[in-house]
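S.K.: Structure in structure tokens, see below.
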Number of protein chains: 4
Amino acid sequence: MELQMTKNTLRQQKAFETKNKLIDSALKIFSEKGFDSSTTKDIAREAEVTDGLIYHYFNSKEELLWAILEKHPLNHDLKNTANTNFLLDQSLDVVLNEFFTNLIDMLHEKKELIVMFFGEAQRNQKVRDRLVLTIEEGLQLLHHLLKQKITKDDDYLFLAIRNVQTGLVMYFLLYDRFQTDPVERKRYINMTVQQFIKVIT
Amino acid sequence: MELQMTKNTLRQQKAFETKNKLIDSALKIFSEKGFDSSTTKDIAREAEVTDGLIYHYFNSKEELLWAILEKHPLNHDLKNTANTNFLLDQSLDVVLNEFFTNLIDMLHEKKELIVMFFGEAQRNQKVRDRLVLTIEEGLQLLHHLLKQKITKDDDYLFLAIRNVQTGLVMYFLLYDRFQTDPVERKRYINMTVQQFIKVIT
Amino acid sequence: MELQMTKNTLRQQKAFETKNKLIDSALKIFSEKGFDSSTTKDIAREAEVTDGLIYHYFNSKEELLWAILEKHPLNHDLKNTANTNFLLDQSLDVVLNEFFTNLIDMLHEKKELIVMFFGEAQRNQKVRDRLVLTIEEGLQLLHHLLKQKITKDDDYLFLAIRNVQTGLVMYFLLYDRFQTDPVERKRYINMTVQQFIKVIT
Amino acid sequence: MELQMTKNTLRQQKAFETKNKLIDSALKIFSEKGFDSSTTKDIAREAEVTDGLIYHYFNSKEELLWAILEKHPLNHDLKNTANTNFLLDQSLDVVLNEFFTNLIDMLHEKKELIVMFFGEAQRNQKVRDRLVLTIEEGLQLLHHLLKQKITKDDDYLFLAIRNVQTGLVMYFLLYDRFQTDPVERKRYINMTVQQFIKVIT
DNA sequence: CATGAATGAGTATTCATTCAT
DNA sequence: GATGAATGAATACTCATTCAT
């Protein structure tokens, strides 16, 4: 994709933008109504193109779903956090606050995507597999970050990570995404970190 | 007269059963395909009645959804656990193992319902409100059980409970519901309990 | 079908008629435009019902095609001709004139069906199989009628029958169906009979 | 100037080839799927050009159909047979075998075209007219060949020719085009010739 | 209570055709 | 000449809902 953009004539560039707009529009509509209740007409209207054009770029409505997931590698930002050298010298408390804050920030930033992702995962096996994979990646990132500081055995540590991480995601889905008070969120994260430290030390 | 009444009663009973069968069938179909992709025809066929009859008992497809939630007060079983006197004298470890095992068992028993519940909650505000309510009830139950044994302040305790509980639910949704190994599940619950005790003591 | 009609309540009777009307309408539309170019909307309009009703009675547009063929067992009339005792004592000339006249009459009566049948047979394997079967049946009928009067060996007789019969059908498809002059047709049939007799005697 | 012309000529040549490839591709696709079910996209892909180019050379999909028929004067090969001097001295038997063999060979060679031709003729008046014309030409050819050897009156001879010829075509459409046994075909043709000779002598 | 025929708006997808580049 | 993005009407099929019986 990135690659294709380089050799652009004006025309190709415009096509690229149109395709992109379709993906973004699909994400918006899907997350508002769910995949099944979204219509290709809605998506086309949102993208300000005619109905048929969707099928010039994608073979089906479902393919739009995959294009969305392709476009948003959710753990990308977390990866950066996890790899930052500056964290190496910090206390557990600082590291975890940073990591969880980034996680919640990312979830907020991609709110639409996340909501759709979880909703569809309940009924579409392939989407669920992808979701589980994404979550596992997130677990690995945190595990990688902690294993040098923590001496608990892997099983124990992993379960702790899984619980705290999925707990956070659920917190986001059910509560946090509908509020915008950053103070409350900070408090929540901070306290969660304190409790998590108790578990793993 | 007497006869008439008997007839009516019988008729009422039959009607009650039919309505019930419709609710059960709807639950089955909804959880298999999701609300939107389920058709009233599917439901009628599953309930072995004709298409139109649904609308004798319910005003719409959505009303069936509410009837399902009405019929299944999810925390009913947990309530029993939480109120059992026998738990009062037990150690934290025993109490929590019992409670979480009950929780997971209940989730399994009502797997279909749960999956649909979470799936629809992502896109239907009213369903989500109901889900949040149900979860809050669950939190209260555990809080009620623990507050006598634990001296942490409420905020701290509640957050811990919320995290562990939603973590468990997520664990169920993503992994546990697709496996049936009771040993693995027991191990998971037990370790989670140990970690949770660390947090709250 | 016939059977179902007997135990009719008024409602069932009406439904039966509607279904029948749909079949007849489909035949009309299919033969006018060909199967592919016919739309279910056209058919519904012709039958004076709404679009969706077609799918209450049939699972697909193609199923309508088969319902049509089911309803019209083409060789039915020829069978009667072939089995009539009165023919037994007649001269070859009379018998063949009678048979071919019946054949052409039947083709005319079911003109719409025939045209569609041949058109679709060119591209739909299953339809073609059905057509070949129907033609073979027709050949058998004539063969049955002749084998008592003709002493030629079977191979020879069959080939003669096949050629004359398919020749007649093609004559109908390309010319006769667009004209209505009974004299011309009679002349054609008569001369064909004379020539055919030359072949088989 | 000179150069320009060469360029133009080359360009014209290339254009000619592209147009030709489009016609051939259209024939291939049409005969596989029928006219209606064939898409211009299919045809463009088969011809390895882009979608829009078709409309540089043709005004519509239907125009492609006519271009195909224009390109394939079906009776061309038969004409050669019919005019060959060598046939003049041959026996009826040899002449007819030669002619019918050529006919069937030609049908086989242009199988795709023939199938499409007959399929479309059922629903497209203009195509049917063309088909009738082509068949009439074929009849004339054989009539021309026979009239010197046969003394029957024209009406009688023509009808015999028409029947045998359309019979042969039908034989091809329904049976012969799906088999490849040359012995069986030879047998068929030979016996048909024998029977035809009986009719016309 | 129960039936199932009937409605009609809606759905994903297709496709001939146009046209700016 | 050639490209392929864009159009938009059309299509088979679906489905919640209504209602006469």
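Ligands are numbered from 1 in the order shown, residues from 1 within each chain, and chains are lettered A, B, ... in the order they appear in the structure tokens.
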Find the residues in chain E near chain D: any atom within 9 Å counts, using only C-alpha atoms (C1' of nucleotides). Write them as a count of residues only.
M.R.: 4
S.K.: Using all C-alpha atoms matched in sequence order, least-squares fit chain D onto chain A and give the RMSD rounded to one decimal in Å.
M.R.: 3.4 Å
S.K.: As a list in words, please: the residues near Glu63 (chain B) (cut-off 12 Å, only C-alpha atoms (C1' of nucleotides), same-chain neighbours under 4 positions excluded).
M.R.: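 Once the nearby chain positions are removed, what remains is Leu22, Ile23, Ala26, Phe35, Thr40, Ile54, Tyr55, His56, Tyr57, Phe58, Asn59, Ala67, Ile68, Leu69, Glu70 and Val127 of chain B.
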S.K.: Which polymer residues have any atom within 12 Å of an atom of Asp24 (chain D), counting only C-alpha atoms (C1' of nucleotides), with same-chain residues fewer than 2 positions away left out, as a ChimeraX atom specification?
M.R.: /D:17-22,26-31,43-44,46-48,64-65,67-72,110,112-113
S.K.: Identify every residue of chain A that has at least one atom within 8 Å of any atom of chain F, counting only C-alpha atoms (C1' of nucleotides), and report the result as a list of chain:residue names.
M.R.: A:Ala15, A:Thr50, A:Asp51, A:Gly52, A:Leu53
S.K.: Please produce, as a Markdown table, a per-residue contact table for chain D versus chain C (criterion: any atom at most 8 Å away, only C-alpha atoms considered), showing the nearest atom pair and its distance in Å to one decimal, sorted by chain then residue number.
M.R.:
| residue | atom | partner | partner_atom | distance |
| --- | --- | --- | --- | --- |
| D:Glu32 | CA | C:Arg123 | CA | 7.7 |
| D:Lys33 | CA | C:Arg123 | CA | 6.8 |
| D:Gly34 | CA | C:Arg123 | CA | 6.6 |
| D:Asp36 | CA | C:Asp36 | CA | 6.5 |
| D:Ser37 | CA | C:Asp36 | CA | 7.0 |
| D:Val115 | CA | C:Gln122 | CA | 6.5 |
| D:Met116 | CA | C:Gln122 | CA | 7.7 |
| D:Phe118 | CA | C:Gly119 | CA | 7.5 |
| D:Gly119 | CA | C:Gly119 | CA | 5.0 |
| D:Glu120 | CA | C:Gly119 | CA | 7.3 |
| D:Gln122 | CA | C:Gly119 | CA | 5.5 |
| D:Arg123 | CA | C:Lys33 | CA | 6.0 |
| D:Arg128 | CA | C:Leu174 | CA | 7.9 |
| D:Val132 | CA | C:Leu174 | CA | 6.9 |
| D:Tyr156 | CA | C:Met191 | CA | 7.4 |
| D:Leu159 | CA | C:Thr192 | CA | 7.5 |
| D:Ala160 | CA | C:Gln195 | CA | 7.3 |
| D:Arg162 | CA | C:Gly167 | CA | 7.8 |
| D:Asn163 | CA | C:Gly167 | CA | 4.9 |
| D:Val164 | CA | C:Gly167 | CA | 6.6 |
| D:Gln165 | CA | C:Gly167 | CA | 7.7 |
| D:Thr166 | CA | C:Gly167 | CA | 5.2 |
| D:Gly167 | CA | C:Gly167 | CA | 4.1 |
| D:Leu168 | CA | C:Asn163 | CA | 7.1 |
| D:Met170 | CA | C:Thr166 | CA | 6.2 |
| D:Tyr171 | CA | C:Thr166 | CA | 7.6 |
| D:Leu174 | CA | C:Val132 | CA | 7.0 |
| D:Tyr188 | CA | C:Leu159 | CA | 7.9 |
| D:Met191 | CA | C:Tyr156 | CA | 7.5 |
| D:Thr192 | CA | C:Leu159 | CA | 7.5 |
| D:Gln195 | CA | C:Val199 | CA | 5.4 |
| D:Phe196 | CA | C:Val199 | CA | 7.4 |
| D:Lys198 | CA | C:Val199 | CA | 5.8 |
| D:Val199 | CA | C:Gln195 | CA | 5.4 |
S.K.: Restricting it to N, CA, C and O atoms, dump the selection as a compact mmCIF listing (two decimals), in the first residue's frame.
M.R.:
# COMPACT_ATOMS: atom_id res chain seq x y z
N GLU D 32 -19.64 -20.10 -24.25
CA GLU D 32 -19.55 -20.78 -22.97
C GLU D 32 -20.73 -20.46 -22.06
O GLU D 32 -21.26 -21.33 -21.38
N LYS D 33 -21.13 -19.20 -22.07
CA LYS D 33 -22.11 -18.77 -21.08
C LYS D 33 -23.42 -18.26 -21.68
O LYS D 33 -24.34 -17.91 -20.94
N GLY D 34 -23.46 -18.17 -22.98
CA GLY D 34 -24.62 -17.52 -23.58
C GLY D 34 -24.41 -16.02 -23.58
O GLY D 34 -23.67 -15.48 -22.77
N ASP D 36 -26.34 -13.41 -22.78
CA ASP D 36 -26.77 -12.61 -21.64
C ASP D 36 -25.87 -12.78 -20.43
O ASP D 36 -25.57 -11.82 -19.72
N SER D 37 -25.45 -13.99 -20.21
CA SER D 37 -24.65 -14.25 -19.01
C SER D 37 -23.17 -13.91 -19.20
O SER D 37 -22.40 -13.97 -18.26
N VAL D 115 -23.31 -23.31 -31.40
CA VAL D 115 -24.12 -23.43 -30.19
C VAL D 115 -24.69 -22.08 -29.80
O VAL D 115 -25.87 -21.94 -29.49
N MET D 116 -23.82 -21.08 -29.81
CA MET D 116 -24.29 -19.75 -29.47
C MET D 116 -25.34 -19.27 -30.46
O MET D 116 -26.37 -18.73 -30.09
N PHE D 118 -27.47 -20.92 -32.33
CA PHE D 118 -28.79 -21.52 -32.12
C PHE D 118 -29.43 -21.06 -30.82
O PHE D 118 -30.63 -20.80 -30.76
N GLY D 119 -28.61 -20.96 -29.79
CA GLY D 119 -29.15 -20.50 -28.51
C GLY D 119 -29.75 -19.12 -28.63
O GLY D 119 -30.89 -18.89 -28.22
N GLU D 120 -29.01 -18.19 -29.22
CA GLU D 120 -29.50 -16.82 -29.31
C GLU D 120 -30.67 -16.70 -30.28
O GLU D 120 -31.54 -15.86 -30.12
N GLN D 122 -33.16 -18.40 -30.63
CA GLN D 122 -34.47 -18.64 -30.02
C GLN D 122 -35.10 -17.35 -29.50
O GLN D 122 -36.30 -17.24 -29.38
N ARG D 123 -34.26 -16.39 -29.13
CA ARG D 123 -34.85 -15.21 -28.49
C ARG D 123 -34.56 -13.89 -29.20
O ARG D 123 -35.14 -12.87 -28.88
N ARG D 128 -32.10 -14.87 -35.41
CA ARG D 128 -32.83 -15.97 -36.05
C ARG D 128 -32.92 -15.77 -37.55
O ARG D 128 -32.71 -16.69 -38.34
N VAL D 132 -31.70 -18.45 -40.29
CA VAL D 132 -32.54 -19.01 -41.35
C VAL D 132 -31.87 -18.78 -42.71
O VAL D 132 -31.79 -19.68 -43.55
N TYR D 156 -40.44 -31.13 -54.08
CA TYR D 156 -40.16 -32.41 -53.46
C TYR D 156 -38.70 -32.50 -53.02
O TYR D 156 -38.39 -32.86 -51.89
N LEU D 159 -37.85 -30.12 -50.03
CA LEU D 159 -38.34 -30.57 -48.73
C LEU D 159 -37.48 -31.71 -48.21
O LEU D 159 -37.14 -31.76 -47.02
N ALA D 160 -37.11 -32.59 -49.11
CA ALA D 160 -36.24 -33.70 -48.69
C ALA D 160 -34.92 -33.17 -48.16
O ALA D 160 -34.42 -33.62 -47.13
N ARG D 162 -34.27 -30.18 -47.00
CA ARG D 162 -34.48 -29.45 -45.74
C ARG D 162 -34.56 -30.42 -44.58
O ARG D 162 -33.93 -30.23 -43.56
N ASN D 163 -35.33 -31.46 -44.76
CA ASN D 163 -35.50 -32.39 -43.65
C ASN D 163 -34.21 -33.09 -43.29
O ASN D 163 -33.86 -33.21 -42.11
N VAL D 164 -33.51 -33.53 -44.29
CA VAL D 164 -32.28 -34.26 -43.95
C VAL D 164 -31.24 -33.32 -43.35
O VAL D 164 -30.52 -33.68 -42.42
N GLN D 165 -31.22 -32.13 -43.89
CA GLN D 165 -30.20 -31.20 -43.43
C GLN D 165 -30.48 -30.70 -42.00
O GLN D 165 -29.59 -30.70 -41.14
N THR D 166 -31.69 -30.29 -41.73
CA THR D 166 -32.00 -29.85 -40.37
C THR D 166 -31.92 -31.01 -39.39
O THR D 166 -31.55 -30.84 -38.24
N GLY D 167 -32.29 -32.18 -39.88
CA GLY D 167 -32.13 -33.37 -39.03
C GLY D 167 -30.69 -33.57 -38.62
O GLY D 167 -30.38 -33.83 -37.45
N LEU D 168 -29.80 -33.40 -39.58
CA LEU D 168 -28.37 -33.53 -39.30
C LEU D 168 -27.90 -32.50 -38.28
O LEU D 168 -27.13 -32.80 -37.36
N MET D 170 -29.68 -30.96 -36.04
CA MET D 170 -30.23 -31.30 -34.73
C MET D 170 -29.45 -32.45 -34.11
O MET D 170 -29.18 -32.45 -32.91
N TYR D 171 -29.12 -33.41 -34.95
CA TYR D 171 -28.31 -34.53 -34.47
C TYR D 171 -27.00 -34.02 -33.88
O TYR D 171 -26.56 -34.45 -32.81
N LEU D 174 -27.68 -32.08 -30.42
CA LEU D 174 -28.11 -32.84 -29.24
C LEU D 174 -27.18 -33.98 -28.89
O LEU D 174 -27.08 -34.35 -27.72
N TYR D 188 -23.27 -43.03 -38.90
CA TYR D 188 -24.49 -42.21 -38.93
C TYR D 188 -24.67 -41.52 -40.27
O TYR D 188 -25.73 -41.57 -40.89
N MET D 191 -25.42 -44.04 -43.17
CA MET D 191 -26.79 -44.56 -43.18
C MET D 191 -27.79 -43.49 -43.58
O MET D 191 -28.74 -43.73 -44.32
N THR D 192 -27.53 -42.29 -43.11
CA THR D 192 -28.40 -41.18 -43.48
C THR D 192 -28.36 -40.95 -44.99
O THR D 192 -29.40 -40.73 -45.63
N GLN D 195 -30.45 -43.58 -46.75
CA GLN D 195 -31.89 -43.32 -46.63
C GLN D 195 -32.31 -42.12 -47.47
O GLN D 195 -33.39 -42.11 -48.08
N PHE D 196 -31.45 -41.13 -47.51
CA PHE D 196 -31.75 -39.94 -48.29
C PHE D 196 -31.83 -40.27 -49.77
O PHE D 196 -32.71 -39.77 -50.50
N LYS D 198 -32.74 -43.04 -51.03
CA LYS D 198 -34.04 -43.68 -51.26
C LYS D 198 -35.14 -42.66 -51.51
O LYS D 198 -36.06 -42.87 -52.29
N VAL D 199 -35.04 -41.58 -50.77
CA VAL D 199 -36.08 -40.55 -50.87
C VAL D 199 -36.03 -39.84 -52.22
O VAL D 199 -37.07 -39.58 -52.83
S.K.: To one decimal place, how far is CA of Glu137 (chain B) from CA of Phe86 (chain B) in Å?
M.R.: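 We find that CA of Glu137 (chain B) and CA of Phe86 (chain B) lie 21.4 Å from each other.
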